[in-house]
Amino acid sequence: MCPINKKNNRMKPLKIVVLAKQVPDTRNVGPDAMKPDGTVNRAILPTIFNPDDLHALEFALQIKDKIEGTQVIVLTMGPKRAADIVREGYYRGADYGLMVSDRRFGGADTLATSYTLAMTIKKIGDVDMVLAGVQAIDGDTAQTGPQTAEKINFPQVTYVEEIIGLGNNEITVKRRLDKGIEIVKAPIPVLMTVNGTFDKCRSRNAKKLLKYKYARTNTELAREEDYIKEMVEQRPYLHIPEWNVEDIEAELSKIGLAGSPTKVNKVESIVMKASEAKVLSDSQEDIDLMVGELISSHVIG
Amino acid sequence: MDGNVFVFCETDNGKVVDISLELLSSGKKLAGKLNCQLEAIVLGNNISDIEKQISKYGVDTIHIADDSRLDPYLTLTYSKIISSVLDKHQPQIVLFGASSIGRDLAPRVASTLQCGLTADCTRLEIGDHLEKKTKVLYKDLLLAIRPAFGGSIMATIVNWDMPPQMATVREGVMKKEVFDENYKSDIVNIDISDLIKDEDFVIEVLERHMEESKVNLKEAPIIVAGGYGVGSKENFDLLYELADMLGADVGGSRAAVDAGFLENERQIGQTGVTVRPKLYIACGISGAIQHTAGMDESAMIVSINKDENAPINKIADYVIVGDLNEVIPKIIKSFHKQAQ
Ligand SMILES: Cc1cc2nc3c(=O)[nH]c(=O)nc-3n(C[C@H](O)[C@H](O)[C@H](O)COP(=O)(O)OP(=O)(O)OC[C@H]3O[C@@H](n4cnc5c(N)ncnc54)[C@H](O)[C@@H]3O)c2cc1C
Ligand SMILES: Cc1cc2nc3c(=O)[nH]c(=O)nc-3n(C[C@H](O)[C@H](O)[C@H](O)COP(=O)(O)OP(=O)(O)OC[C@H]3O[C@@H](n4cnc5c(N)ncnc54)[C@H](O)[C@@H]3O)c2cc1C
């Protein structure tokens with residue numbers, strides 16, 4: 001085992017899959033993002049690379065920096081616009097990108113999502129390491145990582161915030177827990193979920209941005225101008241594969257709505273309760289009034 | 001549906017942790033409504049006195065595996081044993097704490113059993129669900145209620161067709177209540193000899209530093225909370241002074257924690273603790289949804305803010321518009337004057 005910052009040429013190159021989800025940016029949901037019926041107006045929220053997944057990508061790239069020949073593959077399941085995630089992965093240093101996209105995957109809960117991702121990972125074949133974010137900021141469940149690990153029969157290490165050491169067929173990492181930390185040594189193959197406290201993802205690389213700007217899926221290409229179609233035809237690396245149910249040999253009963261035991265019965269937006277607040281100034285008189293009321297109602301004193 | 005309510009009890013140094021006790025209390029209520037029994041699963045090493053700790057919460061049966069190999073917690077050993085117990089007893093509801101361990105374990109178990117799992121719930125109820133497409137009415141389901149979308153919505157999740165109904169539940173949102181001091185539980189020893197194998201120990205825990213949290217905001221009757229608007233660590237002294245006077249604890253927003261004004265364990269909100277004191281004094285807190293998610297059930301809320309339109313003012317009972325550096329000393333002065 002040696003520290004992560006030293007390059008080691010004798011280690012076996014790894015094939016790493018990074019699971020990345022496209023999510024609406026829920027971090028600054030204002031009142032305008034809610035529809036009158038109380039549901040979230042996804043249309044006005046920009047879609048982004050799930051924040052934890054960027055840390056997972058950085059984790060993979062750090063291993064690639066260290067073990068020559070390591071391949072980093074970004075895998076995303078989502079509608080056609082999720083190809084943005086694959087391109088973003090390329091800009092930051094991924095070697096390959098792959099989309100699983102099919103209307104029949106729609107409505108999946110974490111059980112069906114993890115099944116779909118697991119079938120894809122099996123189809124990719126010979127994967128040494130799978131990296132996911134801890135949690136996606138829309139569904140907020142943190143369940144997809146561990147459930148995918150179970151289905152591909154990999155051990156799992158969750159909440160990883162630092163790589164401590166990397167050896168042949170083993171990796172040592174630090175985990176961030178509710179009340180403290182844990183350092184664990186895991187064998188490879190393994191699935192890890194990466195915490196938001198892991199190193200920030202490196203920025204886009206200008207050369208890669210130019211190189212992959214026109215990377216497209218077939219679905220996207222169909223609506224592009226001819227010169228882009230030609231460009232992608234001449235440069236196969238610009239072609240983003242798009243796998244469907246048949247490509248990953250998924251059972252229909254285990255995907256999408258049919259494969260999802262959890263169903264949403266009701267959604268309510270959090271509306272702040274109507275205000276009958278007493279608004280006071282910062283004068284001593286006003287404050288005396290409030291303190292007096294709090295004392296006489298036995299809230300304080 | 002038949003089957004009982006099961007609760008996974010997490011232990012720390014042989015002691016069942018708070019969230020598990022909260023779940024036993026909440027599981028007991030669900031079992032009461034469903035007219036079924038409450039069962040607990042406890043795994044660990046040297047945990048023979050578990051009965052003394054948990055029977056009183058109304059546990060009818062305790063499934064125990066007491067073995068040196070079960071400390072520390074490992075995902076693979078725990079998930080195998082628990083999946084096997086659940087598979088054998090076919091419960092209708094299974095609850096886990098939404099702790100680091102529960103959120104590592106429960107999804108692995110749910111995947112093994114191919115059942116649904118609702119994450120990080122803040123409320124559990126029993127109710128009916130009418131399936132709109134088939135017009136079938138499912139009675140007495142677990143309604144698992146949870147925040148999603150970064151706290152801006154509450155979703156009620158049901159699972160009627162792939163049992164058991166499993167959920168992880170956030171710490172501090174359910175009350176722990178002793179059911180009967182003299183309650184007697186049946187004890188079932190889980191035979192793990194055929195269950196766990198060498199390959200379940202491939203992950204090796206090399207080191208673990210646990211920091212017992214000394215702060216207990218959940219139990220505090222009064223909380224003085226500070227936000228980014230407090231401005232500095234030093235300025236928090238003013239909040240501590242007010243808190244000392246009122247017999248209160250000090251908490252704060254994530255922005256205050258991130259800025260280094262306050263320790264991590266004092267963070268209130270979606271990714272911190274959930275509190276419901278009788279009085280919450282918010283000083284220089286804007287009231288982002290992720291913060292209010294952890295305090296909006298406080299019985300009374302006072303907001304001190306320079307900005308009359310800060311969102312927190314909408315849920316406050318008293319709003320003092322002004323600079324907290326001037327307002328807090330005036331409150332202290334006023335209290336000394338008026339209290340006897
Ligand atoms: C309001 C609401 C509540 C929900 N509640 C539940 C629930 O309680 N239980 C449940 O089972 N499902 C629930 N779902 C469904 C769930 O959001 C979806 O199944 C989703 O596909 C994955 O879950 P997540 O967003 O929670 O991701 P998480 O499990 O939090 O994601 C963890 C990691 O898994 C990887 N990942 C997740 N999805 C993808 C993807 N599509 N492509 C590539 N990588 C991915 C990423 O690395 C991500 O960081 C809910 C959905 C909504 C809208
Ligand atoms: C996934 C996620 C989870 C999160 N979880 C949490 C969580 O658990 N808890 C949490 O708190 N946040 C959480 N946040 C962050 C949250 O969105 C807000 O950023 C945070 O709560 C803001 O903290 P604040 O109100 O202290 O700071 P600000 O929003 O910066 O507000 C400061 C306030 O102080 C007032 N002010 C300034 N100076 C003075 C003065 N001298 N006197 C009086 N008033 C003054 C200002 O008017 C303003 O209203 C989370 C965010 C995300 C995305």
# chains A, B, ... in the order shown; residues from 1 in each chain; ligands from 1
call {"tool": "select_by_dssp", "arguments": {"residues": "range 96-329 of chain B", "states": "alpha helix (DSSP H)", "output": "PyMOL selection string"}}
result
chain B and resi 100-113+236-246+254-258+289-292+324-329
call {"tool": "residues_near_ligand", "arguments": {"ligand": "ligand 1", "cutoff": "6 Å", "atoms": "only C-alpha atoms and all ligand atoms", "output": "PyMOL selection string"}}
result
(chain A and resi 19-21+52-53+75-78+108-111+113+132-136+138-145+262) or (chain B and resi 117-119+148+155)
call {"tool": "write_last_selection", "arguments": {"atoms": "C-alpha atoms", "output": "JSON list (two decimals), in the first residue's frame"}}
result
[["chain", "number", "residue", "atom", "x", "y", "z"],
["A", 19, "LEU", "CA", -22.64, 6.69, -11.52],
["A", 20, "ALA", "CA", -23.83, 10.21, -12.18],
["A", 21, "LYS", "CA", -27.35, 11.57, -12.09],
["A", 52, "ASP", "CA", -21.93, 14.39, -4.78],
["A", 53, "ASP", "CA", -21.39, 12.69, -8.14],
["A", 75, "LEU", "CA", -22.72, 6.13, -16.58],
["A", 76, "THR", "CA", -26.02, 7.95, -16.32],
["A", 77, "MET", "CA", -29.61, 6.80, -16.53],
["A", 78, "GLY", "CA", -32.10, 9.44, -17.57],
["A", 108, "ALA", "CA", -38.25, 3.97, -11.25],
["A", 109, "ASP", "CA", -37.68, 4.03, -7.51],
["A", 110, "THR", "CA", -34.30, 3.14, -6.08],
["A", 111, "LEU", "CA", -34.89, -0.63, -6.35],
["A", 113, "THR", "CA", -32.92, 2.25, -10.64],
["A", 132, "ALA", "CA", -21.53, 6.75, -6.75],
["A", 133, "GLY", "CA", -22.39, 9.90, -4.88],
["A", 134, "VAL", "CA", -23.76, 9.40, -1.38],
["A", 135, "GLN", "CA", -27.02, 11.09, -2.25],
["A", 136, "ALA", "CA", -28.87, 12.79, -5.10],
["A", 138, "ASP", "CA", -33.79, 15.50, -5.68],
["A", 139, "GLY", "CA", -34.86, 12.06, -4.45],
["A", 140, "ASP", "CA", -32.54, 12.49, -1.43],
["A", 141, "THR", "CA", -32.59, 8.79, -0.54],
["A", 142, "ALA", "CA", -28.89, 7.73, -0.57],
["A", 143, "GLN", "CA", -30.13, 4.23, -1.40],
["A", 144, "THR", "CA", -29.06, 3.69, -5.01],
["A", 145, "GLY", "CA", -25.37, 3.06, -4.20],
["A", 262, "THR", "CA", -42.47, 2.49, -3.48],
["B", 117, "LEU", "CA", -37.63, 1.23, 1.16],
["B", 118, "THR", "CA", -38.70, 4.77, 2.01],
["B", 119, "ALA", "CA", -35.79, 6.95, 3.00],
["B", 148, "ALA", "CA", -37.39, 15.42, -0.56],
["B", 155, "ALA", "CA", -43.86, 13.15, -0.01]]
call {"tool": "residues_near_ligand", "arguments": {"ligand": "ligand 2", "cutoff": "7 Å", "atoms": "only C-alpha atoms and all ligand atoms", "output": "PyMOL selection string"}}
result
(chain A and resi 27+137) or (chain B and resi 150+226-231+252-256+267-272+283-291+294+304-307+310+322-325)
call {"tool": "write_last_selection", "arguments": {"atoms": "N, CA, C and O atoms", "output": "compact mmCIF listing (two decimals), in the first residue's frame"}}
result
# COMPACT_ATOMS: atom_id res chain seq x y z
N ARG A 27 -31.20 23.29 -4.63
CA ARG A 27 -30.56 23.95 -3.49
C ARG A 27 -31.11 25.33 -3.20
O ARG A 27 -31.00 25.82 -2.10
N ILE A 137 -29.64 15.10 -4.91
CA ILE A 137 -30.34 16.18 -4.20
C ILE A 137 -31.82 16.31 -4.56
O ILE A 137 -32.50 17.18 -4.04
N GLY B 150 -34.50 18.57 -1.37
CA GLY B 150 -33.78 19.48 -0.49
C GLY B 150 -34.67 20.09 0.57
O GLY B 150 -34.39 21.16 1.07
N GLY B 226 -28.19 30.93 16.40
CA GLY B 226 -27.55 32.01 15.66
C GLY B 226 -27.26 31.60 14.23
O GLY B 226 -27.00 30.44 13.94
N GLY B 227 -27.30 32.58 13.35
CA GLY B 227 -27.03 32.32 11.94
C GLY B 227 -25.80 33.08 11.47
O GLY B 227 -25.02 33.60 12.28
N TYR B 228 -25.68 33.13 10.18
CA TYR B 228 -24.56 33.82 9.57
C TYR B 228 -24.54 35.29 9.98
O TYR B 228 -23.49 35.91 10.10
N GLY B 229 -25.73 35.82 10.26
CA GLY B 229 -25.85 37.21 10.65
C GLY B 229 -25.20 37.55 11.98
O GLY B 229 -25.00 38.72 12.30
N VAL B 230 -24.84 36.52 12.77
CA VAL B 230 -24.16 36.80 14.04
C VAL B 230 -22.76 37.37 13.75
O VAL B 230 -22.22 38.14 14.53
N GLY B 231 -22.19 36.98 12.63
CA GLY B 231 -21.00 37.66 12.15
C GLY B 231 -19.66 37.08 12.55
O GLY B 231 -18.70 37.16 11.79
N GLY B 252 -27.56 26.59 15.89
CA GLY B 252 -27.39 27.54 14.80
C GLY B 252 -27.68 26.95 13.44
O GLY B 252 -28.05 25.79 13.30
N SER B 253 -27.51 27.80 12.45
CA SER B 253 -27.76 27.39 11.07
C SER B 253 -26.50 26.78 10.48
O SER B 253 -25.41 26.90 11.05
N ARG B 254 -26.66 26.16 9.34
CA ARG B 254 -25.49 25.58 8.69
C ARG B 254 -24.50 26.65 8.25
O ARG B 254 -23.29 26.44 8.34
N ALA B 255 -25.02 27.80 7.85
CA ALA B 255 -24.11 28.86 7.43
C ALA B 255 -23.21 29.26 8.60
O ALA B 255 -22.03 29.54 8.42
N ALA B 256 -23.77 29.28 9.81
CA ALA B 256 -22.97 29.64 10.98
C ALA B 256 -21.94 28.55 11.27
O ALA B 256 -20.80 28.84 11.65
N GLN B 267 -25.70 22.17 14.77
CA GLN B 267 -26.45 22.58 13.59
C GLN B 267 -27.89 22.07 13.63
O GLN B 267 -28.15 20.90 13.87
N ILE B 268 -28.81 22.97 13.36
CA ILE B 268 -30.23 22.63 13.35
C ILE B 268 -30.73 22.65 11.91
O ILE B 268 -30.36 23.55 11.15
N GLY B 269 -31.53 21.68 11.56
CA GLY B 269 -32.10 21.69 10.22
C GLY B 269 -32.06 20.33 9.57
O GLY B 269 -31.78 19.32 10.20
N GLN B 270 -32.32 20.37 8.29
CA GLN B 270 -32.43 19.14 7.52
C GLN B 270 -31.22 18.23 7.67
O GLN B 270 -31.36 17.03 7.80
N THR B 271 -30.03 18.80 7.62
CA THR B 271 -28.85 17.96 7.74
C THR B 271 -28.22 18.10 9.13
O THR B 271 -27.10 17.68 9.35
N GLY B 272 -28.95 18.67 10.03
CA GLY B 272 -28.51 18.74 11.42
C GLY B 272 -29.56 18.08 12.28
O GLY B 272 -30.19 17.12 11.85
N CYS B 283 -31.49 34.26 15.88
CA CYS B 283 -30.77 35.52 15.78
C CYS B 283 -29.95 35.55 14.49
O CYS B 283 -29.05 34.73 14.31
N GLY B 284 -30.28 36.42 13.59
CA GLY B 284 -29.52 36.53 12.34
C GLY B 284 -29.59 35.28 11.49
O GLY B 284 -28.61 34.86 10.89
N ILE B 285 -30.78 34.68 11.47
CA ILE B 285 -31.03 33.49 10.62
C ILE B 285 -32.08 33.89 9.60
O ILE B 285 -33.13 34.42 9.96
N SER B 286 -31.80 33.60 8.32
CA SER B 286 -32.74 34.05 7.29
C SER B 286 -33.97 33.16 7.19
O SER B 286 -35.06 33.63 6.87
N GLY B 287 -33.79 31.86 7.49
CA GLY B 287 -34.95 30.97 7.46
C GLY B 287 -35.08 30.19 6.18
O GLY B 287 -36.19 30.00 5.66
N ALA B 288 -33.96 29.68 5.65
CA ALA B 288 -34.00 28.79 4.49
C ALA B 288 -34.80 27.54 4.87
O ALA B 288 -34.81 27.15 6.03
N ILE B 289 -35.44 26.97 3.88
CA ILE B 289 -36.30 25.81 4.12
C ILE B 289 -35.54 24.67 4.81
O ILE B 289 -36.08 23.98 5.66
N GLN B 290 -34.24 24.53 4.48
CA GLN B 290 -33.47 23.45 5.10
C GLN B 290 -33.25 23.72 6.58
O GLN B 290 -33.01 22.81 7.35
N HIS B 291 -33.29 24.97 6.96
CA HIS B 291 -33.17 25.29 8.38
C HIS B 291 -34.52 25.13 9.09
O HIS B 291 -34.62 24.46 10.10
N GLY B 294 -36.00 21.91 10.44
CA GLY B 294 -35.55 21.35 11.71
C GLY B 294 -36.05 22.09 12.92
O GLY B 294 -35.70 21.72 14.05
N ILE B 304 -34.97 37.60 15.50
CA ILE B 304 -34.29 38.89 15.56
C ILE B 304 -33.52 39.03 14.27
O ILE B 304 -32.60 38.25 13.99
N ASN B 305 -33.92 39.99 13.46
CA ASN B 305 -33.30 40.10 12.14
C ASN B 305 -33.34 41.54 11.65
O ASN B 305 -34.32 42.25 11.88
N LYS B 306 -32.27 41.94 10.98
CA LYS B 306 -32.22 43.30 10.42
C LYS B 306 -33.23 43.48 9.31
O LYS B 306 -33.67 44.59 9.03
N ASP B 307 -33.52 42.36 8.66
CA ASP B 307 -34.36 42.40 7.47
C ASP B 307 -35.79 42.03 7.84
O ASP B 307 -36.08 40.90 8.20
N ALA B 310 -37.17 38.86 6.10
CA ALA B 310 -36.49 37.55 6.15
C ALA B 310 -37.56 36.45 6.20
O ALA B 310 -38.55 36.59 6.94
N GLY B 322 -34.10 44.52 13.82
CA GLY B 322 -32.99 45.30 14.32
C GLY B 322 -31.71 44.51 14.33
O GLY B 322 -31.69 43.33 13.95
N ASP B 323 -30.65 45.15 14.78
CA ASP B 323 -29.33 44.53 14.84
C ASP B 323 -29.24 43.69 16.11
O ASP B 323 -29.45 44.19 17.22
N LEU B 324 -28.93 42.43 15.95
CA LEU B 324 -28.92 41.53 17.11
C LEU B 324 -27.93 41.97 18.17
O LEU B 324 -28.11 41.73 19.36
N ASN B 325 -26.86 42.68 17.75
CA ASN B 325 -25.87 43.14 18.72
C ASN B 325 -26.43 44.20 19.66
O ASN B 325 -25.90 44.41 20.75
call {"tool": "closest_atom_pairs", "arguments": {"of": "chain A", "to": "chain B", "cutoff": "6 Å", "atoms": "only C-alpha atoms", "output": "CSV"}}
result
residue,atom,partner,partner_atom,distance
A:Thr26,CA,B:Phe149,CA,5.6
A:Asp138,CA,B:Phe149,CA,4.3
A:Gly139,CA,B:Ala148,CA,5.7
A:Asp140,CA,B:Ala148,CA,5.7
A:Thr141,CA,B:Ala119,CA,5.1
A:Gln143,CA,B:Pro107,CA,5.4
A:Pro146,CA,B:Arg108,CA,5.4
A:Gln147,CA,B:Arg108,CA,5.2
A:Glu150,CA,B:Arg108,CA,5.9
A:Leu177,CA,B:Ser100,CA,5.7
A:Asp178,CA,B:Ser100,CA,5.8
A:Lys179,CA,B:Glu211,CA,5.3
A:Gly180,CA,B:Met210,CA,4.4
A:Ile181,CA,B:His209,CA,5.5
A:Glu182,CA,B:Arg208,CA,4.3
A:Ile183,CA,B:Glu207,CA,5.0
A:Val184,CA,B:Val205,CA,4.4
A:Lys185,CA,B:Glu204,CA,5.1
A:Ala186,CA,B:Ile203,CA,4.7
A:Pro261,CA,B:Gly116,CA,4.7
A:Thr262,CA,B:Asn159,CA,4.8
A:Lys263,CA,B:Val158,CA,5.3
A:Val264,CA,B:Ile157,CA,4.6
A:Asn265,CA,B:Thr156,CA,5.4
A:Lys266,CA,B:Thr156,CA,5.0
A:Val267,CA,B:Ala155,CA,4.4
A:Glu268,CA,B:Met154,CA,5.2
A:Ser269,CA,B:Ile153,CA,4.3
A:Ile270,CA,B:Ile153,CA,5.4
A:Lys273,CA,B:Ile315,CA,5.9
A:Ser275,CA,B:Lys314,CA,5.3
A:Ala277,CA,B:Asp317,CA,4.3
A:Lys278,CA,B:Tyr318,CA,4.8
A:Val279,CA,B:Val319,CA,4.6
A:Leu280,CA,B:Ile320,CA,4.8
A:Ser281,CA,B:Val321,CA,5.4
A:Asp282,CA,B:Gly322,CA,5.3
A:Asp288,CA,B:Ser334,CA,5.5
call {"tool": "write_last_selection", "arguments": {"atoms": "N, CA and C atoms", "output": "mmCIF file, in the first residue's frame"}}
result
data_model
loop_
_atom_site.group_PDB
_atom_site.id
_atom_site.type_symbol
_atom_site.label_atom_id
_atom_site.label_comp_id
_atom_site.auth_asym_id
_atom_site.auth_seq_id
_atom_site.Cartn_x
_atom_site.Cartn_y
_atom_site.Cartn_z
ATOM 1 N N THR A 26 -32.061 21.749 -6.626
ATOM 2 C CA THR A 26 -33.033 21.984 -5.551
ATOM 3 C C THR A 26 -32.443 22.815 -4.432
ATOM 4 N N ASP A 138 -32.339 15.443 -5.438
ATOM 5 C CA ASP A 138 -33.786 15.502 -5.683
ATOM 6 C C ASP A 138 -34.524 14.409 -4.906
ATOM 7 N N GLY A 139 -34.212 13.142 -5.198
ATOM 8 C CA GLY A 139 -34.862 12.060 -4.449
ATOM 9 C C GLY A 139 -34.354 11.979 -3.021
ATOM 10 N N ASP A 140 -33.084 12.402 -2.799
ATOM 11 C CA ASP A 140 -32.540 12.490 -1.433
ATOM 12 C C ASP A 140 -32.538 11.185 -0.659
ATOM 13 N N THR A 141 -32.469 10.027 -1.325
ATOM 14 C CA THR A 141 -32.591 8.790 -0.536
ATOM 15 C C THR A 141 -31.260 8.186 -0.091
ATOM 16 N N GLN A 143 -29.932 5.682 -1.381
ATOM 17 C CA GLN A 143 -30.127 4.230 -1.401
ATOM 18 C C GLN A 143 -29.563 3.558 -2.646
ATOM 19 N N PRO A 146 -25.809 1.587 -2.275
ATOM 20 C CA PRO A 146 -25.821 0.277 -1.612
ATOM 21 C C PRO A 146 -26.672 -0.778 -2.348
ATOM 22 N N GLN A 147 -27.771 -0.351 -2.955
ATOM 23 C CA GLN A 147 -28.621 -1.328 -3.633
ATOM 24 C C GLN A 147 -27.955 -1.836 -4.908
ATOM 25 N N GLU A 150 -25.342 -4.436 -3.878
ATOM 26 C CA GLU A 150 -25.927 -5.744 -3.566
ATOM 27 C C GLU A 150 -26.194 -6.513 -4.847
ATOM 28 N N LEU A 177 -18.823 9.559 9.372
ATOM 29 C CA LEU A 177 -20.050 9.033 9.972
ATOM 30 C C LEU A 177 -20.763 10.104 10.793
ATOM 31 N N ASP A 178 -21.963 9.779 11.296
ATOM 32 C CA ASP A 178 -22.727 10.739 12.107
ATOM 33 C C ASP A 178 -21.863 11.328 13.213
ATOM 34 N N LYS A 179 -21.165 10.420 13.910
ATOM 35 C CA LYS A 179 -20.418 10.878 15.074
ATOM 36 C C LYS A 179 -18.989 10.411 14.981
ATOM 37 N N GLY A 180 -18.245 10.905 14.012
ATOM 38 C CA GLY A 180 -16.851 10.529 13.954
ATOM 39 C C GLY A 180 -16.443 10.010 12.603
ATOM 40 N N ILE A 181 -15.302 9.332 12.576
ATOM 41 C CA ILE A 181 -14.780 8.845 11.302
ATOM 42 C C ILE A 181 -14.334 7.398 11.457
ATOM 43 N N GLU A 182 -14.157 6.743 10.312
ATOM 44 C CA GLU A 182 -13.711 5.364 10.323
ATOM 45 C C GLU A 182 -12.737 5.202 9.161
ATOM 46 N N ILE A 183 -11.661 4.453 9.397
ATOM 47 C CA ILE A 183 -10.744 4.158 8.291
ATOM 48 C C ILE A 183 -10.879 2.683 7.963
ATOM 49 N N VAL A 184 -11.187 2.381 6.714
ATOM 50 C CA VAL A 184 -11.383 0.980 6.343
ATOM 51 C C VAL A 184 -10.539 0.612 5.132
ATOM 52 N N LYS A 185 -10.151 -0.678 5.122
ATOM 53 C CA LYS A 185 -9.428 -1.229 3.979
ATOM 54 C C LYS A 185 -10.399 -2.141 3.247
ATOM 55 N N ALA A 186 -10.532 -1.911 1.954
ATOM 56 C CA ALA A 186 -11.484 -2.700 1.180
ATOM 57 C C ALA A 186 -10.762 -3.390 0.036
ATOM 58 N N PRO A 261 -41.423 -0.844 -5.958
ATOM 59 C CA PRO A 261 -42.377 -1.056 -4.870
ATOM 60 C C PRO A 261 -42.871 0.247 -4.232
ATOM 61 N N THR A 262 -42.023 1.271 -4.156
ATOM 62 C CA THR A 262 -42.475 2.487 -3.481
ATOM 63 C C THR A 262 -43.178 3.402 -4.473
ATOM 64 N N LYS A 263 -44.332 3.883 -4.071
ATOM 65 C CA LYS A 263 -45.102 4.774 -4.931
ATOM 66 C C LYS A 263 -45.458 6.038 -4.166
ATOM 67 N N VAL A 264 -45.474 7.131 -4.884
ATOM 68 C CA VAL A 264 -45.820 8.389 -4.238
ATOM 69 C C VAL A 264 -47.333 8.477 -4.114
ATOM 70 N N ASN A 265 -47.825 8.608 -2.891
ATOM 71 C CA ASN A 265 -49.254 8.684 -2.640
ATOM 72 C C ASN A 265 -49.691 10.141 -2.674
ATOM 73 N N LYS A 266 -48.787 11.018 -2.239
ATOM 74 C CA LYS A 266 -49.163 12.424 -2.125
ATOM 75 C C LYS A 266 -47.902 13.258 -2.001
ATOM 76 N N VAL A 267 -47.929 14.466 -2.567
ATOM 77 C CA VAL A 267 -46.808 15.376 -2.393
ATOM 78 C C VAL A 267 -47.345 16.728 -1.946
ATOM 79 N N GLU A 268 -46.738 17.283 -0.916
ATOM 80 C CA GLU A 268 -47.161 18.610 -0.446
ATOM 81 C C GLU A 268 -45.957 19.514 -0.443
ATOM 82 N N SER A 269 -46.152 20.769 -0.840
ATOM 83 C CA SER A 269 -45.019 21.674 -0.709
ATOM 84 C C SER A 269 -45.029 22.206 0.711
ATOM 85 N N ILE A 270 -43.857 22.582 1.172
ATOM 86 C CA ILE A 270 -43.772 23.109 2.523
ATOM 87 C C ILE A 270 -44.168 24.570 2.453
ATOM 88 N N LYS A 273 -46.381 28.635 7.562
ATOM 89 C CA LYS A 273 -47.713 28.877 8.113
ATOM 90 C C LYS A 273 -48.026 30.382 8.146
ATOM 91 N N SER A 275 -48.917 34.083 8.907
ATOM 92 C CA SER A 275 -48.252 34.828 9.959
ATOM 93 C C SER A 275 -49.225 35.661 10.790
ATOM 94 N N ALA A 277 -47.494 37.186 13.308
ATOM 95 C CA ALA A 277 -46.360 37.610 14.119
ATOM 96 C C ALA A 277 -46.564 39.028 14.613
ATOM 97 N N LYS A 278 -46.106 39.265 15.830
ATOM 98 C CA LYS A 278 -46.048 40.637 16.311
ATOM 99 C C LYS A 278 -44.725 41.196 15.836
ATOM 100 N N VAL A 279 -44.803 42.229 15.024
ATOM 101 C CA VAL A 279 -43.564 42.830 14.539
ATOM 102 C C VAL A 279 -43.209 44.010 15.436
ATOM 103 N N LEU A 280 -42.022 43.945 16.036
ATOM 104 C CA LEU A 280 -41.609 44.953 17.009
ATOM 105 C C LEU A 280 -40.365 45.686 16.537
ATOM 106 N N SER A 281 -40.145 46.848 17.099
ATOM 107 C CA SER A 281 -38.918 47.579 16.772
ATOM 108 C C SER A 281 -37.841 47.160 17.775
ATOM 109 N N ASP A 282 -36.646 47.703 17.599
ATOM 110 C CA ASP A 282 -35.574 47.343 18.529
ATOM 111 C C ASP A 282 -35.502 48.296 19.726
ATOM 112 N N ASP A 288 -39.202 45.219 26.120
ATOM 113 C CA ASP A 288 -39.788 44.994 27.442
ATOM 114 C C ASP A 288 -41.163 44.354 27.314
#
call {"tool": "closest_residue", "arguments": {"among": "B:Glu125, B:Asp180, B:Glu171, B:Asp87", "to": "Leu23 in chain B", "atoms": "only C-alpha atoms"}}
result
B:Glu171
call {"tool": "select_by_dssp", "arguments": {"residues": "range 65-288 of chain A", "states": "strand (DSSP E or B)", "output": "ChimeraX atom specification"}}
result
/A:71-77,96-100,129-133,156-167,170-177,180-187,190-194,216,239,242-243,263-269,278-280
call {"tool": "atom_distance", "arguments": {"atom1": "CA of Glu88 in chain A", "atom2": "CA of Asp226 in chain A"}}
result
23.4 Å
call {"tool": "decode", "arguments": {"residues": "range 180-187 of chain A", "atoms": "N, CA and C atoms", "output": "PDB file, in the first residue's frame"}}
result
ATOM      1  N   GLY A 180     -18.245  10.905  14.012  1.00  0.00           N
ATOM      2  CA  GLY A 180     -16.851  10.529  13.954  1.00  0.00           C
ATOM      3  C   GLY A 180     -16.443  10.010  12.603  1.00  0.00           C
ATOM      4  N   ILE A 181     -15.302   9.332  12.576  1.00  0.00           N
ATOM      5  CA  ILE A 181     -14.780   8.845  11.302  1.00  0.00           C
ATOM      6  C   ILE A 181     -14.334   7.398  11.457  1.00  0.00           C
ATOM      7  N   GLU A 182     -14.157   6.743  10.312  1.00  0.00           N
ATOM      8  CA  GLU A 182     -13.711   5.364  10.323  1.00  0.00           C
ATOM      9  C   GLU A 182     -12.737   5.202   9.161  1.00  0.00           C
ATOM     10  N   ILE A 183     -11.661   4.453   9.397  1.00  0.00           N
ATOM     11  CA  ILE A 183     -10.744   4.158   8.291  1.00  0.00           C
ATOM     12  C   ILE A 183     -10.879   2.683   7.963  1.00  0.00           C
ATOM     13  N   VAL A 184     -11.187   2.381   6.714  1.00  0.00           N
ATOM     14  CA  VAL A 184     -11.383   0.980   6.343  1.00  0.00           C
ATOM     15  C   VAL A 184     -10.539   0.612   5.132  1.00  0.00           C
ATOM     16  N   LYS A 185     -10.151  -0.678   5.122  1.00  0.00           N
ATOM     17  CA  LYS A 185      -9.428  -1.229   3.979  1.00  0.00           C
ATOM     18  C   LYS A 185     -10.399  -2.141   3.247  1.00  0.00           C
ATOM     19  N   ALA A 186     -10.532  -1.911   1.954  1.00  0.00           N
ATOM     20  CA  ALA A 186     -11.484  -2.700   1.180  1.00  0.00           C
ATOM     21  C   ALA A 186     -10.762  -3.390   0.036  1.00  0.00           C
ATOM     22  N   PRO A 187     -11.246  -4.562  -0.341  1.00  0.00           N
ATOM     23  CA  PRO A 187     -10.654  -5.238  -1.496  1.00  0.00           C
ATOM     24  C   PRO A 187     -11.204  -4.613  -2.769  1.00  0.00           C
TER      25      PRO A 187
END
